[in-house]
Each structure stands twice: as structure tokens, then as C-alpha cells.
>>> print(open('final36.txt').read())   # compact mmCIF, C-alpha atoms
# COMPACT_ATOMS: atom_id res chain seq x y z
CA MET A 1015 -75.78 -15.41 -25.70
CA THR A 1016 -73.79 -12.43 -26.86
CA GLY A 1017 -71.94 -12.29 -23.55
CA ARG A 1018 -70.86 -15.94 -23.53
CA ASN A 1019 -67.12 -16.51 -23.33
CA PHE A 1020 -65.86 -17.59 -26.71
CA ARG A 1021 -63.62 -20.64 -26.86
CA LEU A 1022 -61.77 -22.36 -29.67
CA ARG A 1023 -61.13 -25.94 -28.65
CA ARG A 1024 -59.45 -28.81 -30.45
CA LEU A 1025 -60.72 -32.30 -29.65
CA ARG A 1026 -57.69 -34.57 -29.60
CA GLY A 1027 -57.38 -38.29 -30.20
CA SER A 1028 -57.53 -39.06 -26.49
CA ASP A 1029 -60.95 -37.42 -26.33
CA ALA A 1030 -62.22 -39.53 -29.21
CA ALA A 1031 -61.19 -42.69 -27.36
CA ARG A 1032 -63.01 -41.71 -24.14
CA PRO A 1033 -65.93 -44.03 -23.27
CA LEU A 1034 -69.34 -42.79 -24.30
CA ARG A 1035 -72.14 -42.01 -21.84
CA LYS A 1036 -73.55 -44.90 -19.84
CA ARG A 1037 -76.93 -46.32 -20.71
CA GLY A 1038 -79.74 -44.49 -18.95
CA ALA A 1039 -77.85 -41.21 -18.80
CA GLN A 1040 -78.73 -39.73 -22.15
CA PRO A 1041 -79.81 -36.39 -23.57
CA LYS A 1042 -82.88 -35.69 -25.67
CA VAL A 1043 -81.47 -34.85 -29.08
CA VAL A 1044 -83.19 -33.53 -32.21
CA ALA A 1045 -81.23 -33.62 -35.48
CA LEU A 1046 -82.36 -31.57 -38.47
CA GLY A 1047 -81.31 -32.00 -42.09
CA GLY A 1048 -81.77 -34.30 -45.03
CA GLY A 1049 -79.99 -36.76 -47.29
CA MET A 1050 -76.59 -38.23 -46.54
CA GLY A 1051 -75.55 -35.42 -44.19
CA LEU A 1052 -78.40 -36.13 -41.79
CA SER A 1053 -77.77 -39.87 -42.12
CA ALA A 1054 -74.16 -39.36 -41.02
CA SER A 1055 -75.27 -37.35 -38.00
CA LEU A 1056 -77.94 -39.90 -37.00
CA THR A 1057 -75.57 -42.84 -37.38
CA ALA A 1058 -73.26 -41.11 -34.89
CA LEU A 1059 -75.92 -39.81 -32.51
CA ARG A 1060 -77.69 -43.16 -32.08
CA ARG A 1061 -74.45 -44.43 -30.55
CA ILE A 1062 -74.70 -42.00 -27.63
CA THR A 1063 -78.42 -41.52 -26.98
CA GLY A 1064 -81.61 -43.53 -27.27
CA ASP A 1065 -83.77 -40.40 -27.14
CA LEU A 1066 -83.24 -39.19 -30.69
CA THR A 1067 -85.59 -37.52 -33.18
CA ALA A 1068 -84.81 -36.67 -36.80
CA VAL A 1069 -86.64 -33.78 -38.47
CA VAL A 1070 -86.28 -34.16 -42.23
CA THR A 1071 -86.67 -31.83 -45.22
CA VAL A 1072 -89.50 -32.65 -47.66
CA ALA A 1073 -88.56 -30.73 -50.81
CA ASP A 1074 -86.87 -33.54 -52.76
CA ASP A 1075 -88.08 -33.75 -56.34
CA GLY A 1076 -85.60 -36.12 -57.95
CA GLY A 1077 -85.29 -39.87 -58.51
CA SER A 1078 -87.73 -42.31 -56.95
CA SER A 1079 -89.02 -39.67 -54.50
CA GLY A 1080 -89.78 -37.23 -57.28
CA ARG A 1081 -91.61 -39.83 -59.32
CA LEU A 1082 -93.81 -40.89 -56.37
CA ARG A 1083 -94.44 -37.27 -55.49
CA ASP A 1084 -95.52 -36.42 -59.05
CA GLU A 1085 -97.65 -39.53 -59.52
CA LEU A 1086 -99.34 -39.74 -56.12
CA GLY A 1087 -99.11 -36.22 -54.71
CA VAL A 1088 -97.34 -37.45 -51.56
CA LEU A 1089 -94.45 -36.10 -49.55
CA PRO A 1090 -91.12 -37.19 -51.05
CA PRO A 1091 -90.16 -40.22 -48.92
CA GLY A 1092 -86.48 -40.60 -49.86
CA ASP A 1093 -84.80 -38.50 -47.16
CA LEU A 1094 -87.19 -39.93 -44.57
CA ARG A 1095 -86.18 -43.43 -45.67
CA LYS A 1096 -82.48 -42.59 -45.42
CA ALA A 1097 -82.98 -41.27 -41.90
CA LEU A 1098 -84.79 -44.46 -40.87
CA ALA A 1099 -82.01 -46.58 -42.36
CA ALA A 1100 -79.41 -44.59 -40.42
CA LEU A 1101 -81.28 -45.25 -37.18
CA CYS A 1102 -81.18 -49.03 -37.68
CA GLY A 1103 -78.98 -50.83 -35.20
CA ASP A 1104 -75.70 -52.61 -35.87
CA ASP A 1105 -77.15 -56.06 -35.09
CA ASP A 1106 -78.30 -58.50 -37.78
CA TRP A 1107 -81.92 -57.33 -37.57
CA GLY A 1108 -81.05 -53.68 -37.95
CA GLN A 1109 -78.53 -54.13 -40.74
CA THR A 1110 -80.80 -56.50 -42.67
CA TRP A 1111 -83.70 -54.04 -42.59
CA SER A 1112 -81.42 -51.14 -43.40
CA ARG A 1113 -80.32 -52.93 -46.57
CA VAL A 1114 -83.90 -53.93 -47.45
CA ILE A 1115 -85.39 -50.44 -47.28
CA GLN A 1116 -82.41 -48.99 -49.16
CA HIS A 1117 -82.65 -51.65 -51.89
CA ARG A 1118 -83.49 -50.31 -55.35
CA PHE A 1119 -85.14 -52.35 -58.06
CA SER A 1120 -83.35 -52.72 -61.36
CA SER A 1121 -85.58 -53.42 -64.32
CA ARG A 1122 -86.76 -52.15 -67.67
CA GLY A 1123 -90.17 -51.32 -66.29
CA ASP A 1124 -91.83 -48.79 -64.03
CA LEU A 1125 -90.25 -50.17 -60.86
CA HIS A 1126 -86.72 -49.35 -62.06
CA ASP A 1127 -84.75 -47.40 -59.44
CA HIS A 1128 -87.60 -47.26 -56.94
CA ALA A 1129 -86.39 -47.88 -53.38
CA VAL A 1130 -88.24 -50.51 -51.35
CA GLY A 1131 -88.44 -48.16 -48.36
CA ASN A 1132 -90.03 -45.41 -50.42
CA LEU A 1133 -92.82 -47.74 -51.51
CA LEU A 1134 -93.33 -49.04 -47.98
CA ILE A 1135 -93.59 -45.54 -46.50
CA VAL A 1136 -96.01 -44.33 -49.17
CA ALA A 1137 -98.14 -47.47 -48.80
CA LEU A 1138 -98.49 -46.86 -45.06
CA TRP A 1139 -99.32 -43.20 -45.65
CA GLU A 1140 -102.16 -44.29 -47.91
CA GLN A 1141 -103.31 -46.99 -45.47
CA LEU A 1142 -103.19 -44.87 -42.30
CA GLY A 1143 -103.71 -41.37 -43.65
CA ASP A 1144 -101.21 -40.04 -41.09
CA HIS A 1145 -97.59 -39.17 -41.92
CA VAL A 1146 -96.30 -39.37 -38.36
CA GLN A 1147 -98.12 -42.56 -37.39
CA ALA A 1148 -96.90 -44.31 -40.55
CA LEU A 1149 -93.27 -43.30 -39.99
CA ASP A 1150 -93.48 -44.41 -36.36
CA LEU A 1151 -94.77 -47.80 -37.53
CA VAL A 1152 -91.91 -48.20 -40.03
CA GLY A 1153 -89.45 -47.28 -37.28
CA LYS A 1154 -90.97 -49.91 -35.01
CA LEU A 1155 -90.68 -52.54 -37.75
CA LEU A 1156 -87.02 -51.70 -38.31
CA GLY A 1157 -86.17 -51.48 -34.62
CA ALA A 1158 -84.99 -47.91 -35.28
CA HIS A 1159 -83.04 -46.22 -32.50
CA GLY A 1160 -85.05 -43.02 -32.65
CA ARG A 1161 -87.95 -41.30 -34.36
CA VAL A 1162 -88.23 -39.74 -37.85
CA LEU A 1163 -90.53 -36.80 -38.60
CA PRO A 1164 -91.06 -34.65 -41.69
CA MET A 1165 -90.52 -30.93 -41.09
CA SER A 1166 -93.83 -30.20 -42.87
CA ALA A 1167 -96.80 -32.28 -44.01
CA VAL A 1168 -96.95 -30.27 -47.25
CA PRO A 1169 -94.82 -31.24 -50.29
CA LEU A 1170 -92.50 -28.27 -50.82
CA GLU A 1171 -90.64 -26.83 -53.78
CA LEU A 1172 -87.23 -25.31 -53.21
CA GLN A 1173 -86.39 -22.25 -55.28
CA ALA A 1174 -83.06 -20.43 -55.38
CA LEU A 1175 -81.84 -17.08 -56.65
CA VAL A 1176 -78.62 -17.86 -58.50
CA ARG A 1177 -76.12 -15.38 -59.88
CA GLY A 1178 -74.46 -16.56 -63.09
CA HIS A 1179 -76.69 -19.60 -63.57
CA ASP A 1180 -76.34 -18.95 -67.30
CA PRO A 1181 -72.58 -18.67 -68.03
CA ARG A 1182 -73.37 -16.28 -70.88
CA ARG A 1183 -74.85 -13.83 -68.33
CA PRO A 1184 -72.52 -14.11 -65.32
CA ASP A 1185 -73.86 -11.01 -63.53
CA GLU A 1186 -77.57 -11.75 -63.85
CA VAL A 1187 -79.64 -13.46 -61.17
CA ASP A 1188 -82.06 -16.21 -62.21
CA THR A 1189 -84.59 -18.28 -60.28
CA VAL A 1190 -83.75 -21.99 -60.21
CA ARG A 1191 -86.56 -24.35 -59.22
CA GLY A 1192 -86.38 -27.78 -57.61
CA GLN A 1193 -84.11 -29.25 -54.96
CA ALA A 1194 -82.36 -31.60 -57.38
CA THR A 1195 -81.57 -28.68 -59.71
CA VAL A 1196 -80.48 -26.33 -56.93
CA ALA A 1197 -78.10 -28.95 -55.52
CA LEU A 1198 -76.15 -29.05 -58.79
CA THR A 1199 -76.68 -25.54 -60.13
CA PRO A 1200 -73.85 -23.68 -61.85
CA GLY A 1201 -73.34 -20.13 -60.62
CA GLU A 1202 -73.53 -18.76 -57.09
CA VAL A 1203 -76.61 -19.36 -54.94
CA GLN A 1204 -77.64 -16.07 -53.32
CA SER A 1205 -80.63 -17.28 -51.31
CA VAL A 1206 -83.33 -19.94 -51.20
CA HIS A 1207 -87.03 -19.96 -50.37
CA LEU A 1208 -89.85 -22.47 -50.23
CA VAL A 1209 -93.05 -22.71 -52.25
CA PRO A 1210 -95.56 -22.42 -50.74
CA GLN A 1211 -93.97 -19.79 -48.55
CA GLY A 1212 -94.41 -20.10 -44.80
CA PRO A 1213 -95.53 -23.76 -44.84
CA PRO A 1214 -96.95 -25.27 -41.65
CA ALA A 1215 -94.62 -27.34 -39.52
CA VAL A 1216 -95.48 -30.81 -38.29
CA PRO A 1217 -96.57 -30.19 -34.66
CA GLU A 1218 -94.58 -33.17 -33.36
CA ALA A 1219 -91.42 -31.70 -34.89
CA VAL A 1220 -91.97 -28.34 -33.18
CA ALA A 1221 -92.70 -30.10 -29.87
CA ALA A 1222 -89.53 -32.18 -30.17
CA VAL A 1223 -87.35 -29.08 -30.69
CA LEU A 1224 -88.93 -27.28 -27.74
CA ASP A 1225 -88.50 -30.32 -25.50
CA ALA A 1226 -84.91 -31.16 -26.52
CA ASP A 1227 -81.71 -30.89 -24.53
CA TRP A 1228 -79.67 -30.54 -27.72
CA VAL A 1229 -80.55 -29.62 -31.30
CA VAL A 1230 -78.10 -30.58 -34.06
CA LEU A 1231 -78.28 -28.80 -37.42
CA GLY A 1232 -76.23 -30.17 -40.31
CA PRO A 1233 -74.10 -31.46 -41.85
CA GLY A 1234 -75.59 -31.70 -45.32
CA SER A 1235 -76.30 -29.84 -48.53
CA TRP A 1236 -76.39 -26.29 -47.21
CA PHE A 1237 -79.08 -24.70 -49.36
CA SER A 1238 -81.17 -27.80 -50.04
CA SER A 1239 -81.02 -29.76 -46.75
CA VAL A 1240 -79.91 -27.47 -43.90
CA ILE A 1241 -81.34 -23.99 -44.54
CA PRO A 1242 -84.87 -25.17 -45.55
CA HIS A 1243 -85.64 -25.89 -41.88
CA LEU A 1244 -85.15 -22.20 -41.17
CA LEU A 1245 -87.76 -21.31 -43.81
CA VAL A 1246 -90.62 -23.02 -41.93
CA PRO A 1247 -91.80 -20.25 -39.57
CA GLU A 1248 -93.06 -22.44 -36.71
CA LEU A 1249 -89.91 -24.54 -36.81
CA LEU A 1250 -87.65 -21.48 -36.88
CA ASP A 1251 -89.55 -19.98 -33.94
CA ALA A 1252 -89.01 -23.22 -32.02
CA LEU A 1253 -85.28 -23.19 -32.84
CA VAL A 1254 -85.02 -19.60 -31.61
CA GLU A 1255 -87.13 -20.10 -28.47
CA THR A 1256 -86.03 -23.57 -27.31
CA ARG A 1257 -84.05 -23.92 -24.10
CA ALA A 1258 -82.02 -26.62 -25.81
CA ARG A 1259 -78.41 -26.00 -26.72
CA ARG A 1260 -77.77 -25.83 -30.46
CA VAL A 1261 -74.92 -27.41 -32.42
CA LEU A 1262 -74.16 -26.60 -36.04
CA SER A 1263 -72.14 -29.36 -37.70
CA LEU A 1264 -70.20 -28.11 -40.72
CA ASN A 1265 -69.51 -30.07 -43.88
CA LEU A 1266 -66.12 -31.58 -44.60
CA ALA A 1267 -65.88 -29.92 -48.01
CA PRO A 1268 -67.87 -27.56 -50.24
CA GLN A 1269 -70.52 -29.23 -52.38
CA PRO A 1270 -69.84 -28.93 -56.11
CA GLY A 1271 -72.39 -26.59 -57.65
CA GLU A 1272 -74.33 -25.59 -54.54
CA THR A 1273 -71.50 -24.26 -52.35
CA ASP A 1274 -68.50 -24.42 -54.65
CA GLY A 1275 -65.67 -22.33 -53.22
CA PHE A 1276 -67.40 -21.70 -49.87
CA SER A 1277 -65.14 -21.45 -46.83
CA PRO A 1278 -66.41 -22.77 -43.47
CA GLN A 1279 -67.12 -19.20 -42.33
CA ARG A 1280 -69.02 -18.48 -45.55
CA HIS A 1281 -71.41 -21.28 -44.65
CA LEU A 1282 -72.13 -19.49 -41.37
CA GLU A 1283 -72.60 -16.12 -43.06
CA VAL A 1284 -75.20 -17.60 -45.44
CA LEU A 1285 -77.01 -19.28 -42.54
CA GLY A 1286 -77.13 -15.97 -40.68
CA ARG A 1287 -78.65 -14.16 -43.65
CA HIS A 1288 -81.51 -16.64 -43.78
CA ALA A 1289 -82.11 -16.70 -40.00
CA PRO A 1290 -80.66 -13.57 -38.37
CA LYS A 1291 -82.34 -14.30 -35.00
CA LEU A 1292 -80.88 -17.81 -34.70
CA ALA A 1293 -78.32 -18.30 -31.95
CA LEU A 1294 -75.93 -21.23 -31.67
CA ASP A 1295 -73.93 -22.70 -28.81
CA VAL A 1296 -71.36 -24.77 -30.66
CA VAL A 1297 -70.02 -24.95 -34.21
CA LEU A 1298 -68.41 -28.32 -34.89
CA ALA A 1299 -65.88 -28.64 -37.72
CA ASP A 1300 -63.23 -31.10 -38.79
CA GLU A 1301 -59.87 -29.63 -37.85
CA ALA A 1302 -58.36 -30.49 -41.24
CA ALA A 1303 -61.18 -28.69 -43.09
CA VAL A 1304 -60.61 -25.28 -41.48
CA PRO A 1305 -57.69 -23.42 -43.08
CA ASP A 1306 -58.51 -20.10 -41.36
CA ARG A 1307 -59.48 -20.82 -37.77
CA GLU A 1308 -59.60 -17.20 -36.69
CA SER A 1309 -62.10 -16.25 -39.40
CA LEU A 1310 -64.31 -19.20 -38.46
CA ALA A 1311 -64.07 -18.15 -34.81
CA ASP A 1312 -65.19 -14.62 -35.69
CA ALA A 1313 -68.12 -15.92 -37.77
CA ALA A 1314 -69.22 -18.28 -34.98
CA LYS A 1315 -68.96 -15.54 -32.37
CA ARG A 1316 -71.69 -13.59 -34.18
CA PHE A 1317 -74.03 -16.47 -33.28
CA GLY A 1318 -72.74 -16.55 -29.68
CA ALA A 1319 -71.08 -19.89 -30.40
CA ALA A 1320 -67.89 -21.66 -29.44
CA VAL A 1321 -65.98 -23.54 -32.12
CA GLU A 1322 -65.04 -27.17 -31.56
CA LEU A 1323 -62.45 -28.69 -33.87
CA ALA A 1324 -62.32 -32.46 -33.98
CA PRO A 1325 -61.07 -35.21 -36.30
CA VAL A 1326 -64.43 -36.43 -37.62
CA ALA A 1327 -63.58 -37.37 -41.23
CA ALA A 1328 -63.07 -40.92 -42.48
CA PRO A 1329 -59.44 -42.01 -42.05
CA ASP A 1330 -59.06 -42.69 -45.79
CA GLY A 1331 -59.24 -38.96 -46.51
CA SER A 1332 -62.60 -39.03 -48.32
CA PRO A 1333 -65.07 -36.22 -47.46
CA VAL A 1334 -67.25 -38.59 -45.41
CA HIS A 1335 -67.85 -38.46 -41.68
CA ASP A 1336 -66.60 -41.39 -39.62
CA PRO A 1337 -69.51 -42.50 -37.36
CA GLU A 1338 -67.35 -43.35 -34.34
CA LEU A 1339 -65.29 -40.16 -34.50
CA LEU A 1340 -68.38 -38.01 -35.03
CA ALA A 1341 -70.11 -39.77 -32.12
CA ALA A 1342 -67.12 -39.07 -29.88
CA ALA A 1343 -67.15 -35.40 -30.90
CA TYR A 1344 -70.87 -35.03 -30.18
CA ASP A 1345 -70.48 -36.87 -26.89
CA ARG A 1346 -67.71 -34.57 -25.71
CA ILE A 1347 -69.69 -31.47 -26.74
CA PHE A 1348 -72.75 -32.68 -24.83
CA ARG A 1349 -70.64 -33.29 -21.72
CA MET A 1350 -68.43 -30.21 -21.87
CA HIS A 1351 -70.95 -27.52 -22.83
CA GLY A 1352 -73.47 -27.96 -20.06
CA ARG A 1353 -76.93 -29.43 -20.07
CA ILE A 1354 -80.58 -28.50 -19.99
CA GLY A 1355 -82.30 -31.71 -18.94
CA PRO A 1356 -81.63 -34.25 -16.15
CA TRP A 1357 -79.57 -36.70 -18.24
CA ARG A 1358 -76.24 -36.02 -16.57
>>> encode(input="final36.txt", output="C-alpha cells")
Amino acid sequence: MTGRNFRLRRLRGSDAARPLRKRGAQPKVVALGGGMGLSASLTALRRITGDLTAVVTVADDGGSSGRLRDELGVLPPGDLRKALAALCGDDDWGQTWSRVIQHRFSSRGDLHDHAVGNLLIVALWEQLGDHVQALDLVGKLLGAHGRVLPMSAVPLELQALVRGHDPRRPDEVDTVRGQATVALTPGEVQSVHLVPQGPPAVPEAVAAVLDADWVVLGPGSWFSSVIPHLLVPELLDALVETRARRVLSLNLAPQPGETDGFSPQRHLEVLGRHAPKLALDVVLADEAAVPDRESLADAAKRFGAAVELAPVAAPDGSPVHDPELLAAAYDRIFRMHGRIGPWR
């Protein structure tokens, strides 16, 4: 990929309005991430392909997920639930079930703040004894436009090395434990790792990456949702070896605490430190979120990637992706940057 011609392209409004791919002509797409970033990507991608698989981080230790994980020893279901909700259709059935599984109880008892979908997923895990089969069954119930898989069948702990975590010792590096803590940590995150180290990947997730036409990584919390996929050896090997083309979707703004002050190119530099063998084909960014386009171009070129700039943010100016605009950007990238499979 080092010899690929580098291009910096701006996707204009006329491109966003172009009709999306006809039914039946669709790529196999695998999207990796967690939380709201992955949900945004899935909500867009389900508009342009029916062959969609989400591979989700399983290191969450906060809220309802953390409580179920601590009490029952299960995988944290929250990010898996969010991915399933994002794959629900826009019809009455899909939107009703999306609201139901996202519903949280409000009470003074033990059910307070538990999400209905979390309880449903864990119940099926206990009934079936199979993470993948249970998630497939929930997806079938919801009429989900795609499949949701955990990246590992082992509950994981995220740990980060953070410089200046204690403001009284700004130059010292401390270990911060837990995804919820890392996501909001003061100081500068230097690197992250998983405990246990080198966890096994879910075989279906590895197979999906190897069989894909396109793999989409991000957007999302950089250290707690995006990079963890690169810390699962079998999954990283699949990302390096796959014949699929790879898109990295950048965030609209730095995340307070975790990536405070990060430029778009800094996000790429951090990714490269954690996975130096990873190559990319396209880096997608919102054109209004890139103040230094040349620096981003240089950072992307180290991965062998082209940069695509597109208006993908919500029109109201909030740092949230607009599903239709993001779908149009992905659709153009899939059409303009070649193909691997027979979908075009």
C-alpha cells in the first residue's frame, strides 16, 4: 500500500444527494467499535447495505453493564445492546423495539437504571450458553439489519498508562484501570492494554473481517472503543491480512478527558503506535473538523491511505454524526475506492 497514489478529496453536497446503491448490489461490511460512535456508524451503514456485521468491544465496566458483569460474571452487554438498537429499521416494528431495548427502569430498588436490552441479552446467554447464538436470536426478534458480535468471549479490563493523572504530579505516569475511568481520566493517555493480555477473539468476528469487502473502524472513544480491537491478537491479524479495504472514520471533536486537545492527525499517530502493521485505505473526516488538512494528509499517508473530507456532522452544529450524511459519505467511498467482492 505504500505505493498507492495519495489523494485528498472533498465530498460536496451534490455527492451527498446522490442516490444510494440499489438493493441487491451491496458490499459485505464489518464495523468495529463500541458505544455511541459505533451506533452512529451502524445507523448510517444499514442504509446502504444489508450485509453488515458489528464487532463490539467488551471492556465496559460502568452502569448497568458493570453491575451485571460484577454480579453474574458475564460479558458487559451494554455496547452490544446499543449496536442492536442501531441496526433496528426505521419502520414501526424496528423503532418500537429499539426504544424497548434501550428503555431503562427508574426505581428505588435494584432494577434502577438497568436497560431492558441488557437483561434480555444476559437472560439468553444464560439460557443458551452461547454468546453468538443469543445475540443472533435478539437480532432476529428486533428485525435487525445486520449481525452483532462481541470481539472476545472473555470479559476484559481496560488499563491505561496516563501521564499527569494526579495533577499534583504532572510528569508521572500512573496506571488507570477500567473503561469508564479511562474514558474520563484527567491527564494524557499514553497507551492502553487489555487484561487479560492477548485475549481470544470470537471466531465469527475473525471470519467476518476476513470475508468482508470493507472494514470500518471508528468513530468512537479512541482509547476505550476503537483501539481495543487492535489489542486482540487474532482480530488484529485478521485486520492486517484481510483483502477487504479499510476505512477509519474520525471523530467530530476530541473527547473530554480521554483525547482532550488531540488533533485529527494525533488520533492517527496514536493508532499507529498501537498497531504499527495496520494499513488503511481511506481516512474519513468531517471537513469542518480538520483545521490542518496537510498534516492529516501526511499522517494518513503513513498508513497508505487517502483522506476523504465530507460534511457528516449534524446540521445543528453539535458533535454528532448525521446518519444520512454519513451514509452518503460511506456510499461514495465504497463506490469510488474500488471493490473486493462482486457487489458492484
>>> atom_distance(input="final36.txt", atom1="CA of Ala1289 in chain A", atom2="CA of Ala1252 in chain A")
12.4 Å
>>> closest_residue(input="final36.txt", among="A:Gly1076, A:Pro1041, A:Pro1333, A:Pro1213", to="Val1196 in chain A", atoms="only C-alpha atoms")
A:Gly1076
>>> closest_residue(input="final36.txt", among="A:Pro1090, A:Gly1047, A:Pro1325, A:Pro1214", to="Leu1298 in chain A", atoms="only C-alpha atoms")
A:Pro1325
>>> atom_distance(input="final36.txt", atom1="CA of Leu1339 in chain A", atom2="CA of Ala1058 in chain A")
8.0 Å
>>> residues_around(input="final36.txt", residues="Trp1236 in chain A", least_positions_apart="3", cutoff="10 Å", atoms="all atoms listed in the file", output="ChimeraX atom specification")
/A:1047-1048,1051,1197,1232-1233,1239-1242,1264-1265,1268-1269,1272-1273,1281-1282,1284-1285
>>> residues_around(input="final36.txt", residues="Ala1221 in chain A", least_positions_apart="3", cutoff="12 Å", atoms="all atoms listed in the file", output="PyMOL selection string")
chain A and resi 1044+1067+1069+1163+1165+1215-1218+1224-1226+1248-1249+1251-1253+1255-1256+1258
